[in-house]
>>> print(open('target39.pdb').read())   # PDB, C-alpha atoms and all ligand atoms
ATOM      1  CA  MET A   1     -34.041  41.468   0.286  1.00  0.00           C
ATOM      2  CA  THR A   2     -31.032  41.859  -1.894  1.00  0.00           C
ATOM      3  CA  VAL A   3     -30.434  39.220  -4.481  1.00  0.00           C
ATOM      4  CA  LEU A   4     -26.874  38.930  -5.486  1.00  0.00           C
ATOM      5  CA  ASN A   5     -26.502  38.103  -9.111  1.00  0.00           C
ATOM      6  CA  ILE A   6     -22.995  36.798  -9.414  1.00  0.00           C
ATOM      7  CA  ALA A   7     -22.162  34.935 -12.581  1.00  0.00           C
ATOM      8  CA  THR A   8     -20.359  31.668 -12.039  1.00  0.00           C
ATOM      9  CA  PRO A   9     -17.634  31.231 -14.618  1.00  0.00           C
ATOM     10  CA  SER A  10     -17.979  27.926 -16.385  1.00  0.00           C
ATOM     11  CA  ARG A  11     -14.881  25.806 -16.396  1.00  0.00           C
ATOM     12  CA  ALA A  12     -13.857  22.181 -16.390  1.00  0.00           C
ATOM     13  CA  PRO A  13     -13.729  20.593 -12.940  1.00  0.00           C
ATOM     14  CA  ALA A  14     -10.254  20.894 -11.457  1.00  0.00           C
ATOM     15  CA  ALA A  15      -8.126  17.776 -11.358  1.00  0.00           C
ATOM     16  CA  PRO A  16      -7.636  16.485  -7.805  1.00  0.00           C
ATOM     17  CA  VAL A  17      -4.593  18.014  -6.133  1.00  0.00           C
ATOM     18  CA  ARG A  18      -2.494  15.100  -5.003  1.00  0.00           C
ATOM     19  CA  GLY A  19      -1.349  15.355  -1.418  1.00  0.00           C
ATOM     20  CA  LYS A  20      -4.062  17.852  -0.532  1.00  0.00           C
ATOM     21  CA  ASN A  21      -6.178  15.497   1.539  1.00  0.00           C
ATOM     22  CA  LEU A  22      -3.532  13.942   3.743  1.00  0.00           C
ATOM     23  CA  TRP A  23      -6.151  13.753   6.474  1.00  0.00           C
ATOM     24  CA  ARG A  24      -7.354  10.562   4.780  1.00  0.00           C
ATOM     25  CA  LEU A  25      -4.100   8.862   5.790  1.00  0.00           C
ATOM     26  CA  ARG A  26      -4.364  10.253   9.324  1.00  0.00           C
ATOM     27  CA  SER A  27      -7.925   8.935   9.685  1.00  0.00           C
ATOM     28  CA  PHE A  28      -6.884   5.555   8.322  1.00  0.00           C
ATOM     29  CA  ILE A  29      -4.053   5.315  10.868  1.00  0.00           C
ATOM     30  CA  THR A  30      -6.407   6.205  13.716  1.00  0.00           C
ATOM     31  CA  GLU A  31      -9.045   3.705  12.640  1.00  0.00           C
ATOM     32  CA  PHE A  32      -6.528   0.936  12.018  1.00  0.00           C
ATOM     33  CA  SER A  33      -4.950   1.573  15.402  1.00  0.00           C
ATOM     34  CA  ASP A  34      -8.393   1.456  17.037  1.00  0.00           C
ATOM     35  CA  LEU A  35      -9.067  -1.848  15.278  1.00  0.00           C
ATOM     36  CA  LEU A  36      -5.851  -3.414  16.583  1.00  0.00           C
ATOM     37  CA  SER A  37      -6.581  -2.121  20.087  1.00  0.00           C
ATOM     38  CA  THR A  38      -9.465  -4.588  20.247  1.00  0.00           C
ATOM     39  CA  ALA A  39      -6.915  -7.458  19.894  1.00  0.00           C
ATOM     40  CA  PRO A  40      -8.767  -9.018  16.950  1.00  0.00           C
ATOM     41  CA  VAL A  41      -7.874 -12.342  15.372  1.00  0.00           C
ATOM     42  CA  GLU A  42      -5.967 -12.065  12.109  1.00  0.00           C
ATOM     43  CA  GLU A  43      -9.025 -12.892  10.025  1.00  0.00           C
ATOM     44  CA  THR A  44     -10.790  -9.837  11.479  1.00  0.00           C
ATOM     45  CA  ILE A  45      -7.763  -7.615  10.882  1.00  0.00           C
ATOM     46  CA  LEU A  46      -7.721  -8.621   7.224  1.00  0.00           C
ATOM     47  CA  TYR A  47     -11.476  -8.308   6.780  1.00  0.00           C
ATOM     48  CA  VAL A  48     -12.152  -5.080   8.680  1.00  0.00           C
ATOM     49  CA  GLY A  49      -8.733  -3.587   7.999  1.00  0.00           C
ATOM     50  CA  GLY A  50      -9.129  -4.482   4.335  1.00  0.00           C
ATOM     51  CA  ASP A  51     -12.340  -2.505   4.269  1.00  0.00           C
ATOM     52  CA  LEU A  52     -10.575   0.516   5.798  1.00  0.00           C
ATOM     53  CA  LEU A  53      -7.829   0.228   3.178  1.00  0.00           C
ATOM     54  CA  ARG A  54     -10.447  -0.032   0.426  1.00  0.00           C
ATOM     55  CA  GLN A  55     -11.843   3.317   1.596  1.00  0.00           C
ATOM     56  CA  LEU A  56      -8.361   4.862   1.660  1.00  0.00           C
ATOM     57  CA  VAL A  57      -7.467   3.835  -1.898  1.00  0.00           C
ATOM     58  CA  ALA A  58     -10.907   4.771  -3.231  1.00  0.00           C
ATOM     59  CA  GLN A  59      -9.568   8.354  -3.554  1.00  0.00           C
ATOM     60  CA  ASP A  60      -6.290   9.301  -5.194  1.00  0.00           C
ATOM     61  CA  ASP A  61      -5.918  12.804  -3.766  1.00  0.00           C
ATOM     62  CA  TRP A  62      -3.988  12.327  -0.540  1.00  0.00           C
ATOM     63  CA  LEU A  63      -0.572  10.787  -1.245  1.00  0.00           C
ATOM     64  CA  PRO A  64       2.097  13.522  -1.489  1.00  0.00           C
ATOM     65  CA  ASP A  65       4.120  13.318  -4.716  1.00  0.00           C
ATOM     66  CA  GLU A  66       7.407  12.681  -2.916  1.00  0.00           C
ATOM     67  CA  PHE A  67       6.024   9.314  -1.769  1.00  0.00           C
ATOM     68  CA  ALA A  68       4.890   8.401  -5.286  1.00  0.00           C
ATOM     69  CA  ARG A  69       8.183   9.076  -7.047  1.00  0.00           C
ATOM     70  CA  PRO A  70       9.528   6.205  -9.142  1.00  0.00           C
ATOM     71  CA  ASP A  71      13.184   5.302  -9.520  1.00  0.00           C
ATOM     72  CA  PRO A  72      14.515   4.229 -12.915  1.00  0.00           C
ATOM     73  CA  GLU A  73      16.486   1.348 -11.356  1.00  0.00           C
ATOM     74  CA  ARG A  74      14.046  -0.376  -9.037  1.00  0.00           C
ATOM     75  CA  TYR A  75      10.664  -0.147  -7.351  1.00  0.00           C
ATOM     76  CA  GLN A  76      10.457   2.103  -4.301  1.00  0.00           C
ATOM     77  CA  GLN A  77       8.942   1.435  -0.897  1.00  0.00           C
ATOM     78  CA  TYR A  78       8.221   4.587   1.074  1.00  0.00           C
ATOM     79  CA  LEU A  79       7.293   4.289   4.725  1.00  0.00           C
ATOM     80  CA  LEU A  80       4.182   6.407   5.352  1.00  0.00           C
ATOM     81  CA  HIS A  81       3.635   5.410   8.973  1.00  0.00           C
ATOM     82  CA  ALA A  82       4.916   2.963  11.585  1.00  0.00           C
ATOM     83  CA  ASP A  83       2.834   2.285  14.665  1.00  0.00           C
ATOM     84  CA  SER A  84       4.659   3.254  17.877  1.00  0.00           C
ATOM     85  CA  ALA A  85       4.391  -0.361  19.089  1.00  0.00           C
ATOM     86  CA  GLN A  86       5.302  -1.635  15.598  1.00  0.00           C
ATOM     87  CA  ARG A  87       1.982  -3.483  15.421  1.00  0.00           C
ATOM     88  CA  PHE A  88       1.592  -2.259  11.848  1.00  0.00           C
ATOM     89  CA  SER A  89       3.242  -0.159   9.179  1.00  0.00           C
ATOM     90  CA  ILE A  90       1.961   1.550   6.035  1.00  0.00           C
ATOM     91  CA  VAL A  91       4.057   1.736   2.887  1.00  0.00           C
ATOM     92  CA  SER A  92       3.556   3.177  -0.599  1.00  0.00           C
ATOM     93  CA  PHE A  93       5.025   0.920  -3.267  1.00  0.00           C
ATOM     94  CA  VAL A  94       5.924   2.766  -6.449  1.00  0.00           C
ATOM     95  CA  TRP A  95       6.486   0.742  -9.580  1.00  0.00           C
ATOM     96  CA  GLY A  96       8.270   2.260 -12.521  1.00  0.00           C
ATOM     97  CA  PRO A  97       7.291   0.960 -15.974  1.00  0.00           C
ATOM     98  CA  GLY A  98       7.839  -2.799 -16.143  1.00  0.00           C
ATOM     99  CA  GLN A  99       9.341  -3.087 -12.640  1.00  0.00           C
ATOM    100  CA  ARG A 100       8.720  -6.117 -10.435  1.00  0.00           C
ATOM    101  CA  THR A 101       9.705  -7.702  -7.136  1.00  0.00           C
ATOM    102  CA  PRO A 102      11.521 -10.993  -6.861  1.00  0.00           C
ATOM    103  CA  ILE A 103       9.482 -13.904  -5.459  1.00  0.00           C
ATOM    104  CA  HIS A 104       9.396 -13.096  -1.742  1.00  0.00           C
ATOM    105  CA  ASP A 105       7.645 -13.741   1.554  1.00  0.00           C
ATOM    106  CA  HIS A 106       6.420 -11.390   4.296  1.00  0.00           C
ATOM    107  CA  THR A 107       6.213 -13.606   7.447  1.00  0.00           C
ATOM    108  CA  VAL A 108       3.392 -11.370   8.766  1.00  0.00           C
ATOM    109  CA  TRP A 109      -0.109 -10.518   7.516  1.00  0.00           C
ATOM    110  CA  GLY A 110      -0.307  -7.909   4.783  1.00  0.00           C
ATOM    111  CA  LEU A 111      -2.912  -5.886   2.899  1.00  0.00           C
ATOM    112  CA  ILE A 112      -2.333  -4.429  -0.569  1.00  0.00           C
ATOM    113  CA  GLY A 113      -4.557  -1.641  -1.872  1.00  0.00           C
ATOM    114  CA  MET A 114      -4.213  -0.403  -5.447  1.00  0.00           C
ATOM    115  CA  LEU A 115      -4.121   3.386  -5.664  1.00  0.00           C
ATOM    116  CA  ARG A 116      -2.917   4.226  -9.158  1.00  0.00           C
ATOM    117  CA  GLY A 117      -2.161   2.222 -12.306  1.00  0.00           C
ATOM    118  CA  ALA A 118      -2.364  -1.562 -11.923  1.00  0.00           C
ATOM    119  CA  GLU A 119      -0.269  -4.505 -10.821  1.00  0.00           C
ATOM    120  CA  HIS A 120      -0.122  -8.257 -11.232  1.00  0.00           C
ATOM    121  CA  ALA A 121       0.236 -10.431  -8.136  1.00  0.00           C
ATOM    122  CA  GLN A 122       1.246 -14.059  -8.600  1.00  0.00           C
ATOM    123  CA  SER A 123       0.955 -16.351  -5.543  1.00  0.00           C
ATOM    124  CA  TYR A 124       3.409 -19.175  -4.894  1.00  0.00           C
ATOM    125  CA  ALA A 125       3.604 -22.183  -2.579  1.00  0.00           C
ATOM    126  CA  LEU A 126       6.917 -23.704  -1.557  1.00  0.00           C
ATOM    127  CA  ARG A 127       7.293 -27.381  -2.453  1.00  0.00           C
ATOM    128  CA  GLY A 128      10.515 -28.723  -0.998  1.00  0.00           C
ATOM    129  CA  GLY A 129      11.738 -25.125  -0.872  1.00  0.00           C
ATOM    130  CA  VAL A 130      11.021 -24.534  -4.570  1.00  0.00           C
ATOM    131  CA  PRO A 131       8.413 -21.858  -5.373  1.00  0.00           C
ATOM    132  CA  ARG A 132       5.502 -23.189  -7.453  1.00  0.00           C
ATOM    133  CA  LYS A 133       2.854 -20.928  -8.979  1.00  0.00           C
ATOM    134  CA  ILE A 134      -0.605 -21.142  -7.422  1.00  0.00           C
ATOM    135  CA  GLY A 135      -3.316 -20.237  -9.906  1.00  0.00           C
ATOM    136  CA  GLU A 136      -3.215 -17.347 -12.327  1.00  0.00           C
ATOM    137  CA  PRO A 137      -1.840 -13.886 -11.509  1.00  0.00           C
ATOM    138  CA  VAL A 138      -4.398 -11.491 -10.055  1.00  0.00           C
ATOM    139  CA  LEU A 139      -4.761  -8.103 -11.759  1.00  0.00           C
ATOM    140  CA  LEU A 140      -5.245  -5.349  -9.207  1.00  0.00           C
ATOM    141  CA  LYS A 141      -6.897  -2.171 -10.442  1.00  0.00           C
ATOM    142  CA  PRO A 142      -7.375   1.078  -8.495  1.00  0.00           C
ATOM    143  CA  GLY A 143      -9.599   0.510  -5.463  1.00  0.00           C
ATOM    144  CA  ALA A 144      -8.896  -3.238  -5.251  1.00  0.00           C
ATOM    145  CA  VAL A 145      -7.499  -4.805  -2.057  1.00  0.00           C
ATOM    146  CA  GLU A 146      -5.603  -8.105  -1.692  1.00  0.00           C
ATOM    147  CA  ALA A 147      -4.281  -9.907   1.388  1.00  0.00           C
ATOM    148  CA  VAL A 148      -1.293 -12.110   2.181  1.00  0.00           C
ATOM    149  CA  SER A 149      -0.752 -14.208   5.277  1.00  0.00           C
ATOM    150  CA  PRO A 150       1.616 -16.918   6.506  1.00  0.00           C
ATOM    151  CA  HIS A 151      -1.183 -18.265   8.746  1.00  0.00           C
ATOM    152  CA  SER A 152      -4.028 -18.858   6.311  1.00  0.00           C
ATOM    153  CA  GLU A 153      -4.978 -21.873   4.200  1.00  0.00           C
ATOM    154  CA  GLU A 154      -6.479 -19.687   1.488  1.00  0.00           C
ATOM    155  CA  LEU A 155      -4.068 -16.779   1.413  1.00  0.00           C
ATOM    156  CA  HIS A 156      -0.417 -17.194   0.563  1.00  0.00           C
ATOM    157  CA  ASP A 157       2.636 -15.560   2.047  1.00  0.00           C
ATOM    158  CA  VAL A 158       4.885 -15.961  -0.988  1.00  0.00           C
ATOM    159  CA  HIS A 159       4.245 -13.927  -4.102  1.00  0.00           C
ATOM    160  CA  GLN A 160       5.706 -11.857  -6.880  1.00  0.00           C
ATOM    161  CA  VAL A 161       4.282  -8.454  -7.768  1.00  0.00           C
ATOM    162  CA  SER A 162       4.836  -6.538 -10.982  1.00  0.00           C
ATOM    163  CA  ASN A 163       3.674  -3.333 -12.588  1.00  0.00           C
ATOM    164  CA  ALA A 164       0.988  -4.272 -15.105  1.00  0.00           C
ATOM    165  CA  PHE A 165       2.157  -1.399 -17.324  1.00  0.00           C
ATOM    166  CA  ASP A 166       5.317  -1.049 -19.389  1.00  0.00           C
ATOM    167  CA  ASP A 167       4.748   2.633 -20.017  1.00  0.00           C
ATOM    168  CA  ARG A 168       3.592   4.201 -16.778  1.00  0.00           C
ATOM    169  CA  VAL A 169       3.978   4.289 -13.024  1.00  0.00           C
ATOM    170  CA  SER A 170       1.741   2.302 -10.677  1.00  0.00           C
ATOM    171  CA  VAL A 171       1.319   2.906  -6.947  1.00  0.00           C
ATOM    172  CA  SER A 172      -0.092   0.598  -4.274  1.00  0.00           C
ATOM    173  CA  ILE A 173      -0.558   1.131  -0.546  1.00  0.00           C
ATOM    174  CA  HIS A 174       0.475  -1.759   1.711  1.00  0.00           C
ATOM    175  CA  VAL A 175      -0.240  -2.391   5.377  1.00  0.00           C
ATOM    176  CA  TYR A 176       1.704  -5.047   7.291  1.00  0.00           C
ATOM    177  CA  GLY A 177       1.469  -6.563  10.746  1.00  0.00           C
ATOM    178  CA  ALA A 178       4.938  -5.338  11.753  1.00  0.00           C
ATOM    179  CA  ASN A 179       7.519  -2.666  10.945  1.00  0.00           C
ATOM    180  CA  ILE A 180       7.973  -4.419   7.617  1.00  0.00           C
ATOM    181  CA  GLY A 181      11.208  -2.688   6.624  1.00  0.00           C
ATOM    182  CA  ALA A 182      12.919  -4.261   9.648  1.00  0.00           C
ATOM    183  CA  VAL A 183      11.530  -7.796   9.279  1.00  0.00           C
ATOM    184  CA  ARG A 184      13.877 -10.660   8.317  1.00  0.00           C
ATOM    185  CA  ARG A 185      12.395 -12.154   5.170  1.00  0.00           C
ATOM    186  CA  SER A 186      13.402 -14.252   2.171  1.00  0.00           C
ATOM    187  CA  VAL A 187      13.461 -14.093  -1.588  1.00  0.00           C
ATOM    188  CA  TYR A 188      13.154 -17.349  -3.507  1.00  0.00           C
ATOM    189  CA  HIS A 189      14.802 -18.214  -6.781  1.00  0.00           C
ATOM    190  CA  PRO A 190      13.064 -20.555  -9.202  1.00  0.00           C
ATOM    191  CA  ASP A 191      15.750 -23.202  -8.582  1.00  0.00           C
ATOM    192  CA  GLY A 192      14.960 -23.280  -4.846  1.00  0.00           C
ATOM    193  CA  GLN A 193      17.734 -20.995  -3.627  1.00  0.00           C
ATOM    194  CA  ARG A 194      16.595 -18.904  -0.680  1.00  0.00           C
ATOM    195  CA  LYS A 195      18.191 -15.578   0.127  1.00  0.00           C
ATOM    196  CA  PRO A 196      17.481 -13.699   3.385  1.00  0.00           C
ATOM    197  CA  PHE A 197      16.807  -9.958   3.169  1.00  0.00           C
ATOM    198  CA  ILE A 198      15.627  -6.994   5.237  1.00  0.00           C
ATOM    199  CA  SER A 199      13.997  -4.491   2.907  1.00  0.00           C
ATOM    200  CA  GLY A 200      14.417  -1.196   4.747  1.00  0.00           C
ATOM    201  CA  TYR A 201      12.706   1.824   3.196  1.00  0.00           C
ATOM    202  CA  SER A 202      13.434   4.210   0.328  1.00  0.00           C
ATOM    203  CA  ASN A 203      12.754   7.379   2.340  1.00  0.00           C
ATOM    204  CA  ALA A 204      14.417   9.111   5.285  1.00  0.00           C
ATOM    205  CA  THR A 205      11.471  11.359   6.223  1.00  0.00           C
ATOM    206  CA  LEU A 206       7.760  10.651   6.684  1.00  0.00           C
ATOM    207  CA  PRO A 207       4.680  12.608   5.598  1.00  0.00           C
ATOM    208  CA  ASN A 208       3.643  15.153   8.220  1.00  0.00           C
ATOM    209  CA  ILE A 209       0.078  14.109   8.990  1.00  0.00           C
ATOM    210  CA  TRP A 210      -0.094  16.294  12.076  1.00  0.00           C
ATOM    211  CA  ASP A 211       0.135  19.847  10.734  1.00  0.00           C
ATOM    212  CA  LEU A 212      -3.541  20.723  11.156  1.00  0.00           C
ATOM    213  CA  SER A 213      -3.127  24.463  10.599  1.00  0.00           C
ATOM    214  CA  ALA A 214      -4.593  24.535   7.075  1.00  0.00           C
ATOM    215  CA  GLU A 215      -7.640  22.544   8.165  1.00  0.00           C
ATOM    216  CA  GLN A 216      -8.131  24.619  11.315  1.00  0.00           C
ATOM    217  CA  SER A 217      -7.826  27.962   9.547  1.00  0.00           C
ATOM    218  CA  SER A 218     -10.390  26.931   6.919  1.00  0.00           C
ATOM    219  CA  SER A 219     -12.951  25.785   9.501  1.00  0.00           C
TER     220      SER A 219
HETATM  221 FE    FE B   1       4.885  -8.608  -1.166  1.00  0.00          FE
END
>>> encode(input="target39.pdb", output="structure tokens")
Amino acid sequence: MTVLNIATPSRAPAAPVRGKNLWRLRSFITEFSDLLSTAPVEETILYVGGDLLRQLVAQDDWLPDEFARPDPERYQQYLLHADSAQRFSIVSFVWGPGQRTPIHDHTVWGLIGMLRGAEHAQSYALRGGVPRKIGEPVLLKPGAVEAVSPHSEELHDVHQVSNAFDDRVSVSIHVYGANIGAVRRSVYHPDGQRKPFISGYSNATLPNIWDLSAEQSSS
């Protein structure tokens, strides 16, 4: 028997290469699509789907940098995937230092998973059309998942989200029960003014989750 005596150079563990494990997003899409194929009630979507999202944001090594790029002017929302039947969409929200949304609604269920940095989410209820704060803002740290819904007593559909940091970028992954960039929604001003909006997306191209060549050649 020959014993190979090969010295292993000691070195610090390599930092995760962001965008390397895009298969995590592909698996998430498949599993979320499978979940919706069972025609679950919304509560199940949020509970089981929230668990899937928690697994996705547990690792920060899959989101390509181009979908995590901040803009100095305003927060970015990059479409990562839209279901072919528009049953759901997945978006990366990228918050530059100190950036925040206006108070807004969604009109469909939504899941928010924190990937990088941290954000504050403040819920609101509309009283006579005027947004009133509900409770204290929630601080989301990496790995945490929150839900919004227009159909739930406990969850709220109106909120305001802000980067918890003034000096660094934060990134969260959102899943919505529609092609969210095309949904007619509203922003609410503190004085009760309501302004309709359709958000669109910040990107023109999507991540290519289907080039399997690197995975196939390494197997
Ligand atoms: Fe939102």
>>> closest_residue(input="target39.pdb", among="A:Gly143, A:Pro72, A:Pro190, A:Gly181", to="ligand FE 1 (chain B)", atoms="all atoms listed in the file")
A:Gly181
>>> resolve_selection(input="target39.pdb", expression="the PyMOL selection byres (((not hetatm)) within 9 of (chain B and resi 1))", output="PDB file with C-alpha atoms, in the coordinates of the input")
ATOM      1  CA  THR A 101       9.705  -7.702  -7.136  1.00  0.00           C
ATOM      2  CA  ILE A 103       9.482 -13.904  -5.459  1.00  0.00           C
ATOM      3  CA  HIS A 104       9.396 -13.096  -1.742  1.00  0.00           C
ATOM      4  CA  ASP A 105       7.645 -13.741   1.554  1.00  0.00           C
ATOM      5  CA  HIS A 106       6.420 -11.390   4.296  1.00  0.00           C
ATOM      6  CA  GLY A 110      -0.307  -7.909   4.783  1.00  0.00           C
ATOM      7  CA  ILE A 112      -2.333  -4.429  -0.569  1.00  0.00           C
ATOM      8  CA  ALA A 121       0.236 -10.431  -8.136  1.00  0.00           C
ATOM      9  CA  VAL A 148      -1.293 -12.110   2.181  1.00  0.00           C
ATOM     10  CA  ASP A 157       2.636 -15.560   2.047  1.00  0.00           C
ATOM     11  CA  VAL A 158       4.885 -15.961  -0.988  1.00  0.00           C
ATOM     12  CA  HIS A 159       4.245 -13.927  -4.102  1.00  0.00           C
ATOM     13  CA  GLN A 160       5.706 -11.857  -6.880  1.00  0.00           C
ATOM     14  CA  VAL A 161       4.282  -8.454  -7.768  1.00  0.00           C
ATOM     15  CA  HIS A 174       0.475  -1.759   1.711  1.00  0.00           C
TER      16      HIS A 174
END
>>> residues_around(input="target39.pdb", residues="Ala204 (chain A)", least_positions_apart="3", cutoff="9 Å", atoms="only C-alpha atoms", output="list in words")
Tyr78, Leu79 and Tyr201 of chain A
>>> residues_around(input="target39.pdb", residues="Phe93 (chain A)", least_positions_apart="4", cutoff="9 Å", atoms="all atoms listed in the file", output="ChimeraX atom specification")
/A:67-68,75-79,170-174
>>> write_last_selection(input="target39.pdb", atoms="C-alpha atoms", output="PDB file, in the coordinates of the input")
ATOM      1  CA  PHE A  67       6.024   9.314  -1.769  1.00  0.00           C
ATOM      2  CA  ALA A  68       4.890   8.401  -5.286  1.00  0.00           C
ATOM      3  CA  TYR A  75      10.664  -0.147  -7.351  1.00  0.00           C
ATOM      4  CA  GLN A  76      10.457   2.103  -4.301  1.00  0.00           C
ATOM      5  CA  GLN A  77       8.942   1.435  -0.897  1.00  0.00           C
ATOM      6  CA  TYR A  78       8.221   4.587   1.074  1.00  0.00           C
ATOM      7  CA  LEU A  79       7.293   4.289   4.725  1.00  0.00           C
ATOM      8  CA  SER A 170       1.741   2.302 -10.677  1.00  0.00           C
ATOM      9  CA  VAL A 171       1.319   2.906  -6.947  1.00  0.00           C
ATOM     10  CA  SER A 172      -0.092   0.598  -4.274  1.00  0.00           C
ATOM     11  CA  ILE A 173      -0.558   1.131  -0.546  1.00  0.00           C
ATOM     12  CA  HIS A 174       0.475  -1.759   1.711  1.00  0.00           C
TER      13      HIS A 174
END
>>> atom_distance(input="target39.pdb", atom1="CA of Arg168 (chain A)", atom2="CA of Trp95 (chain A)")
8.5 Å
>>> atom_distance(input="target39.pdb", atom1="CA of Arg18 (chain A)", atom2="CA of Pro64 (chain A)")
6.0 Å
